[in-house]
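So this one's model_3.tsv, TSV, C-alpha atoms:
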chain	number	residue	atom	x	y	z
A	407	MET	CA	83.01	69.64	-106.31
A	408	ASN	CA	80.42	66.95	-105.57
A	409	VAL	CA	78.97	65.04	-108.53
A	410	ASN	CA	76.46	63.03	-106.48
A	411	GLY	CA	73.82	65.30	-107.96
A	412	ILE	CA	74.88	64.15	-111.41
A	413	GLN	CA	74.70	60.54	-110.26
A	414	ASN	CA	71.15	61.04	-109.01
A	415	ALA	CA	70.14	62.87	-112.18
A	416	ASN	CA	71.25	59.83	-114.14
A	417	ASN	CA	69.28	57.29	-112.13
A	418	PRO	CA	69.31	54.13	-114.30
A	419	TYR	CA	65.58	53.63	-113.72
A	420	ALA	CA	64.46	57.05	-114.98
A	421	GLY	CA	64.03	58.27	-118.55
A	422	ASN	CA	65.59	57.24	-121.83
A	423	THR	CA	69.09	55.75	-121.70
A	424	ALA	CA	70.47	57.88	-124.52
A	425	ASP	CA	69.02	61.06	-122.98
A	426	ARG	CA	70.47	60.18	-119.59
A	427	ASN	CA	73.92	59.60	-121.10
A	428	ALA	CA	73.93	62.88	-123.05
A	429	MET	CA	72.58	64.87	-120.12
A	430	GLY	CA	75.14	63.41	-117.72
A	431	GLN	CA	78.06	64.40	-119.95
A	432	GLN	CA	76.68	67.86	-120.60
A	433	GLU	CA	76.03	68.61	-116.95
A	434	PHE	CA	79.42	67.36	-115.91
A	435	LEU	CA	81.27	69.49	-118.47
A	436	GLN	CA	79.21	72.57	-117.61
A	437	LEU	CA	79.87	72.15	-113.90
A	438	LEU	CA	83.55	71.45	-114.47
A	439	VAL	CA	84.05	74.51	-116.70
A	440	ALA	CA	82.08	76.71	-114.29
A	441	GLN	CA	84.14	75.49	-111.35
A	442	MET	CA	87.44	76.09	-113.17
A	443	LYS	CA	86.34	79.59	-114.25
A	444	ASN	CA	85.29	80.58	-110.76
A	445	GLN	CA	87.98	78.87	-108.73
A	446	ASP	CA	90.05	80.94	-106.39
A	447	PRO	CA	93.33	81.74	-108.21
A	448	ILE	CA	95.11	81.82	-104.87
A	449	ASN	CA	93.71	78.42	-103.91
A	450	PRO	CA	93.10	76.55	-107.20
A	451	MET	CA	91.51	73.14	-107.48
A	452	ASP	CA	93.67	70.34	-106.17
A	453	GLY	CA	94.81	67.87	-108.83
A	454	THR	CA	93.83	64.90	-106.70
A	455	GLU	CA	90.31	66.27	-106.25
A	456	PHE	CA	90.02	66.91	-109.98
A	457	ALA	CA	91.08	63.33	-110.75
A	458	SER	CA	88.59	62.01	-108.18
A	459	GLN	CA	85.74	63.88	-109.88
A	460	LEU	CA	86.70	62.46	-113.26
A	461	ALA	CA	86.72	58.97	-111.75
A	462	GLN	CA	83.24	59.50	-110.27
A	463	PHE	CA	81.90	60.65	-113.61
A	464	ASN	CA	83.45	57.64	-115.31
A	465	SER	CA	81.63	55.40	-112.81
A	466	VAL	CA	78.35	57.09	-113.68
A	467	GLU	CA	78.92	56.44	-117.39
A	468	GLN	CA	79.71	52.80	-116.64
A	469	LEU	CA	76.45	52.46	-114.69
A	470	ILE	CA	74.54	53.95	-117.62
A	471	GLY	CA	76.18	51.43	-119.93
A	472	VAL	CA	75.30	48.54	-117.61
A	473	ASN	CA	71.68	49.67	-117.44
A	474	SER	CA	71.52	49.91	-121.23
A	475	ALA	CA	72.78	46.33	-121.50
A	476	LEU	CA	70.23	45.14	-118.91
A	477	THR	CA	67.44	46.88	-120.80
A	478	GLY	CA	68.45	45.07	-123.97
A	479	LEU	CA	68.55	41.76	-122.10
A	480	GLN	CA	65.07	42.34	-120.68
A	481	GLN	CA	63.72	43.08	-124.15
A	482	SER	CA	65.25	39.86	-125.46
A	483	GLN	CA	63.71	37.90	-122.58
A	484	ASN	CA	60.30	39.44	-123.28
A	485	LEU	CA	60.54	38.40	-126.94
A	486	MET	CA	61.55	34.87	-125.95
A	487	SER	CA	58.69	34.65	-123.46
A	488	ALA	CA	56.17	35.81	-126.08
A	489	GLY	CA	57.53	33.27	-128.54
A	490	LEU	CA	57.26	30.44	-126.02
A	491	THR	CA	53.70	31.46	-125.12
A	492	ASN	CA	52.66	31.48	-128.78
A	493	SER	CA	54.31	28.11	-129.41
A	494	MET	CA	52.67	26.57	-126.35
A	495	ALA	CA	49.26	27.92	-127.35
A	496	ALA	CA	49.58	26.42	-130.83
A	497	ALA	CA	50.52	23.06	-129.30
A	498	LEU	CA	47.27	23.06	-127.27
A	499	THR	CA	45.05	22.89	-130.35
A	500	GLY	CA	42.98	19.69	-130.32
A	501	LYS	CA	43.62	18.99	-126.64
A	502	GLU	CA	41.14	19.06	-123.81
A	503	VAL	CA	41.63	21.98	-121.44
A	504	LYS	CA	40.15	23.20	-118.20
A	505	ALA	CA	40.21	26.96	-117.69
A	506	LEU	CA	38.87	29.62	-115.37
A	507	SER	CA	35.77	31.24	-116.83
A	508	ASN	CA	32.37	32.55	-115.78
A	509	GLN	CA	31.17	32.79	-119.38
A	510	PHE	CA	29.70	29.78	-121.17
A	511	ASN	CA	28.08	28.92	-124.47
A	512	LEU	CA	24.71	27.17	-124.73
A	513	GLN	CA	24.72	25.26	-128.01
A	514	GLU	CA	22.05	23.50	-130.06
A	515	ASN	CA	20.74	20.25	-128.51
A	516	SER	CA	23.27	20.50	-125.71
A	517	SER	CA	23.37	21.35	-122.03
A	518	LEU	CA	25.55	24.03	-120.49
A	519	ASP	CA	28.17	22.19	-118.43
A	520	PHE	CA	30.70	23.66	-116.03
A	521	SER	CA	32.46	22.94	-112.77
A	522	TYR	CA	33.06	25.06	-109.69
A	523	LYS	CA	35.39	24.89	-106.71
A	524	ILE	CA	34.61	25.96	-103.15
A	525	PRO	CA	37.35	26.53	-100.54
A	526	LYS	CA	35.59	24.69	-97.69
A	527	SER	CA	32.40	22.81	-96.90
A	528	ALA	CA	29.25	24.81	-97.61
A	529	THR	CA	25.84	24.56	-96.03
A	530	GLU	CA	24.37	25.68	-99.34
A	531	VAL	CA	25.48	26.78	-102.80
A	532	GLU	CA	23.35	28.99	-105.02
A	533	ILE	CA	23.81	28.67	-108.78
A	534	ILE	CA	22.68	31.68	-110.82
A	535	ILE	CA	22.66	31.83	-114.62
A	536	LYS	CA	22.26	35.09	-116.52
A	537	ASP	CA	21.88	35.85	-120.20
A	538	GLU	CA	24.32	38.03	-122.14
A	539	ASN	CA	22.40	41.15	-121.06
A	540	GLY	CA	22.79	40.31	-117.37
A	541	ASN	CA	19.20	39.17	-116.82
A	542	GLN	CA	18.79	36.21	-114.46
A	543	VAL	CA	17.13	33.30	-116.26
A	544	TYR	CA	17.73	30.41	-113.87
A	545	SER	CA	18.77	29.63	-110.31
A	546	ASP	CA	19.26	26.55	-108.20
A	547	THR	CA	20.23	25.90	-104.60
A	548	ILE	CA	22.24	22.88	-103.52
A	549	LYS	CA	22.47	21.92	-99.86
A	550	GLY	CA	25.45	20.52	-97.98
A	551	LEU	CA	28.50	20.31	-100.23
A	552	GLN	CA	32.04	19.35	-99.28
A	553	LYS	CA	34.97	21.57	-100.19
A	554	GLY	CA	36.58	20.99	-103.54
A	555	GLU	CA	35.40	20.82	-107.13
A	556	HIS	CA	31.88	19.95	-108.26
A	557	ASP	CA	30.24	19.55	-111.67
A	558	TYR	CA	26.99	21.16	-112.74
A	559	SER	CA	24.83	20.84	-115.84
A	560	TRP	CA	22.05	23.22	-116.90
A	561	ASP	CA	19.58	21.86	-119.45
A	562	GLY	CA	18.96	25.28	-120.99
A	563	PHE	CA	15.44	25.80	-119.60
A	564	SER	CA	14.55	28.92	-117.63
A	565	ALA	CA	12.91	28.95	-114.20
A	566	ASN	CA	9.55	29.24	-116.03
A	567	GLY	CA	10.24	26.15	-118.10
A	568	ASN	CA	10.97	27.99	-121.34
A	569	LYS	CA	13.77	26.78	-123.61
A	570	MET	CA	16.40	29.51	-123.71
A	571	PRO	CA	18.02	30.48	-127.01
A	572	ASN	CA	21.52	29.40	-127.87
A	573	GLY	CA	24.27	31.88	-127.06
A	574	GLN	CA	26.43	33.19	-124.27
A	575	TYR	CA	25.48	32.96	-120.61
A	576	TYR	CA	27.16	33.92	-117.36
A	577	VAL	CA	27.35	31.80	-114.24
A	578	GLU	CA	27.57	32.97	-110.64
A	579	VAL	CA	28.24	30.51	-107.82
A	580	ARG	CA	27.46	31.76	-104.32
A	581	PRO	CA	28.42	29.32	-101.56
A	582	LYS	CA	27.66	29.92	-97.88
A	583	SER	CA	28.95	28.45	-94.67
A	584	GLY	CA	26.13	29.19	-92.26
A	585	ASN	CA	25.42	32.88	-92.81
A	586	SER	CA	28.93	33.60	-94.07
A	587	PRO	CA	29.34	33.90	-97.85
A	588	MET	CA	32.38	32.38	-99.54
A	589	SER	CA	34.06	32.81	-102.87
A	590	ALA	CA	34.05	30.19	-105.62
A	591	LEU	CA	35.87	29.56	-108.88
A	592	THR	CA	34.08	28.45	-112.04
A	593	TYR	CA	35.66	26.47	-114.87
A	594	THR	CA	34.91	25.57	-118.44
A	595	LYS	CA	36.09	22.30	-119.95
A	596	GLY	CA	36.37	21.46	-123.61
A	597	ILE	CA	38.54	20.96	-126.67
A	598	ALA	CA	40.82	23.82	-127.72
A	599	GLU	CA	39.51	24.30	-131.25
A	600	ARG	CA	41.99	26.92	-132.39
A	601	VAL	CA	44.29	29.71	-131.20
A	602	LYS	CA	43.63	33.43	-131.56
A	603	PHE	CA	46.47	35.98	-131.34
A	604	THR	CA	45.39	39.52	-130.46
A	605	GLY	CA	47.02	42.73	-129.31
A	606	SER	CA	45.77	42.05	-125.79
A	607	GLY	CA	47.04	38.47	-125.55
A	608	VAL	CA	46.71	34.89	-126.74
A	609	TYR	CA	43.35	33.12	-126.53
A	610	LEU	CA	42.10	29.58	-127.05
A	611	ILE	CA	38.68	29.00	-128.58
A	612	VAL	CA	36.94	26.51	-126.26
A	613	ASN	CA	33.26	25.63	-126.67
A	614	GLY	CA	32.92	28.58	-129.02
A	615	LEU	CA	34.30	31.12	-126.52
A	616	GLU	CA	37.63	32.88	-126.13
A	617	VAL	CA	39.66	31.75	-123.11
A	618	ALA	CA	42.84	33.59	-122.13
A	619	ILE	CA	45.76	31.17	-122.18
A	620	GLY	CA	46.77	32.41	-118.72
A	621	ASN	CA	43.47	31.04	-117.35
A	622	VAL	CA	44.20	27.46	-118.45
A	623	GLU	CA	44.75	25.27	-115.39
A	624	GLU	CA	44.73	21.74	-116.80
A	625	ILE	CA	45.66	20.23	-120.16
A	626	GLY	CA	44.70	16.77	-121.39
A	627	ILE	CA	44.64	14.82	-124.62
A	628	LYS	CA	41.42	14.35	-126.57
A	629	ASN	CA	40.16	10.79	-126.34
A	630	ASP	CA	39.19	9.61	-129.83
Since I need it in another form, could you write the structure as structure tokens?
Amino acid sequence: MNVNGIQNANNPYAGNTADRNAMGQQEFLQLLVAQMKNQDPINPMDGTEFASQLAQFNSVEQLIGVNSALTGLQQSQNLMSAGLTNSMAAALTGKEVKALSNQFNLQENSSLDFSYKIPKSATEVEIIIKDENGNQVYSDTIKGLQKGEHDYSWDGFSANGNKMPNGQYYVEVRPKSGNSPMSALTYTKGIAERVKFTGSGVYLIVNGLEVAIGNVEEIGIKND
């Protein structure tokens, strides 16, 4: 009798651990009883073979037990990781952070400031600003920029010279090297005002907007 089929049926990466354990025992006993009932009385099962099958089944049960222990360890590690993330987020309150974001907040009597990074020198960089509905309200083109990070400040006036209302705006940075477009990263900088814990993750409130803690790239201390 070959119990490799049982071993495969109890793959430690498939299904619930308790179900796998119960199913493995049940299948083994059913196969063993069926084999003993239908064995040739003239040529019965060899005792050594029978012992070997029991040993194989015992190995399967041990593997199931090991997987159960590993699953518990992984759950503990996940809880520890979540706890560390929450603690770190709380410690960031009041500190200056720089984080990936294409969403920015235009506030009263203030400009909209951000930075962007280009991977190599660009012959031109187009800056496009859209309102929360996706309508373009402003654009600018900058010629000849070196690779690296650059700062930009928008005064809040549209291309027609109208003062735009306070609220959320989106920034697109489109660099080109000759006729070849490149990608760019945009960043927001500001003080982490508070921490928000949600079902989808941990967020910092920076400049009035939610920033995922995983998008934070630099942390500083507020200069009083």
Separation of atom CA of Glu623 of chain A from atom CA of Asp546 of chain A, in Å and rounded to one decimal: 26.5 Å
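Using only C-alpha atoms, the smallest distance between any of A:Ala565, A:Ala497, A:Val608, A:Leu518 and Gly596 of chain A comes from A:Leu518.
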All residues 12 Å or closer to Asn515 of chain A, all atoms listed in the file, same chain fewer than 4 positions away omitted, as a PyMOL selection string: chain A and resi 561-563+569-572
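The residue set within 8 Å of Lys523 of chain A, counting all atoms listed in the file and dropping same-chain residues fewer than 5 places from it, reads Lys553, Gly554, Glu555, His556, Ala590, Leu591 and Thr592 of chain A.
The residue that comes closest to Thr499 of chain A, out of A:Arg580, A:Arg600, A:Lys595, A:Lys536 and on the basis of all atoms listed in the file, is A:Arg600.
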Complete the atom set of segment 520-537 of chain A to N, CA and C atoms and return it as an mmCIF file, in the frame of the given file.
data_model
loop_
_atom_site.group_PDB
_atom_site.id
_atom_site.type_symbol
_atom_site.label_atom_id
_atom_site.label_comp_id
_atom_site.auth_asym_id
_atom_site.auth_seq_id
_atom_site.Cartn_x
_atom_site.Cartn_y
_atom_site.Cartn_z
ATOM 1 N N PHE A 520 29.547 22.977 -116.624
ATOM 2 C CA PHE A 520 30.700 23.660 -116.030
ATOM 3 C C PHE A 520 31.016 23.010 -114.694
ATOM 4 N N SER A 521 32.111 23.407 -114.111
ATOM 5 C CA SER A 521 32.460 22.940 -112.770
ATOM 6 C C SER A 521 32.791 24.154 -111.908
ATOM 7 N N TYR A 522 32.730 23.968 -110.615
ATOM 8 C CA TYR A 522 33.060 25.060 -109.690
ATOM 9 C C TYR A 522 33.792 24.481 -108.482
ATOM 10 N N LYS A 523 34.595 25.323 -107.869
ATOM 11 C CA LYS A 523 35.390 24.890 -106.710
ATOM 12 C C LYS A 523 35.107 25.805 -105.533
ATOM 13 N N ILE A 524 34.839 25.190 -104.370
ATOM 14 C CA ILE A 524 34.610 25.960 -103.150
ATOM 15 C C ILE A 524 35.738 25.669 -102.160
ATOM 16 N N PRO A 525 36.170 26.679 -101.390
ATOM 17 C CA PRO A 525 37.350 26.530 -100.540
ATOM 18 C C PRO A 525 37.138 25.664 -99.299
ATOM 19 N N LYS A 526 35.887 25.543 -98.845
ATOM 20 C CA LYS A 526 35.590 24.690 -97.690
ATOM 21 C C LYS A 526 34.133 24.246 -97.762
ATOM 22 N N SER A 527 33.767 23.353 -96.868
ATOM 23 C CA SER A 527 32.400 22.810 -96.900
ATOM 24 C C SER A 527 31.367 23.934 -96.801
ATOM 25 N N ALA A 528 30.288 23.783 -97.566
ATOM 26 C CA ALA A 528 29.250 24.810 -97.610
ATOM 27 C C ALA A 528 27.913 24.219 -97.183
ATOM 28 N N THR A 529 27.176 24.998 -96.413
ATOM 29 C CA THR A 529 25.840 24.560 -96.030
ATOM 30 C C THR A 529 24.881 24.646 -97.215
ATOM 31 N N GLU A 530 25.139 25.600 -98.113
ATOM 32 C CA GLU A 530 24.370 25.680 -99.340
ATOM 33 C C GLU A 530 25.163 26.426 -100.410
ATOM 34 N N VAL A 531 24.849 26.105 -101.652
ATOM 35 C CA VAL A 531 25.480 26.780 -102.800
ATOM 36 C C VAL A 531 24.370 27.193 -103.760
ATOM 37 N N GLU A 532 24.337 28.477 -104.077
ATOM 38 C CA GLU A 532 23.350 28.990 -105.020
ATOM 39 C C GLU A 532 23.994 29.141 -106.400
ATOM 40 N N ILE A 533 23.361 28.569 -107.397
ATOM 41 C CA ILE A 533 23.810 28.670 -108.780
ATOM 42 C C ILE A 533 22.894 29.650 -109.508
ATOM 43 N N ILE A 534 23.465 30.684 -110.089
ATOM 44 C CA ILE A 534 22.680 31.680 -110.820
ATOM 45 C C ILE A 534 23.206 31.766 -112.255
ATOM 46 N N ILE A 535 22.287 31.724 -113.207
ATOM 47 C CA ILE A 535 22.660 31.830 -114.620
ATOM 48 C C ILE A 535 21.968 33.046 -115.218
ATOM 49 N N LYS A 536 22.772 33.871 -115.901
ATOM 50 C CA LYS A 536 22.260 35.090 -116.520
ATOM 51 C C LYS A 536 22.535 35.073 -118.018
ATOM 52 N N ASP A 537 21.655 35.762 -118.764
ATOM 53 C CA ASP A 537 21.880 35.850 -120.200
ATOM 54 C C ASP A 537 22.948 36.901 -120.495
#
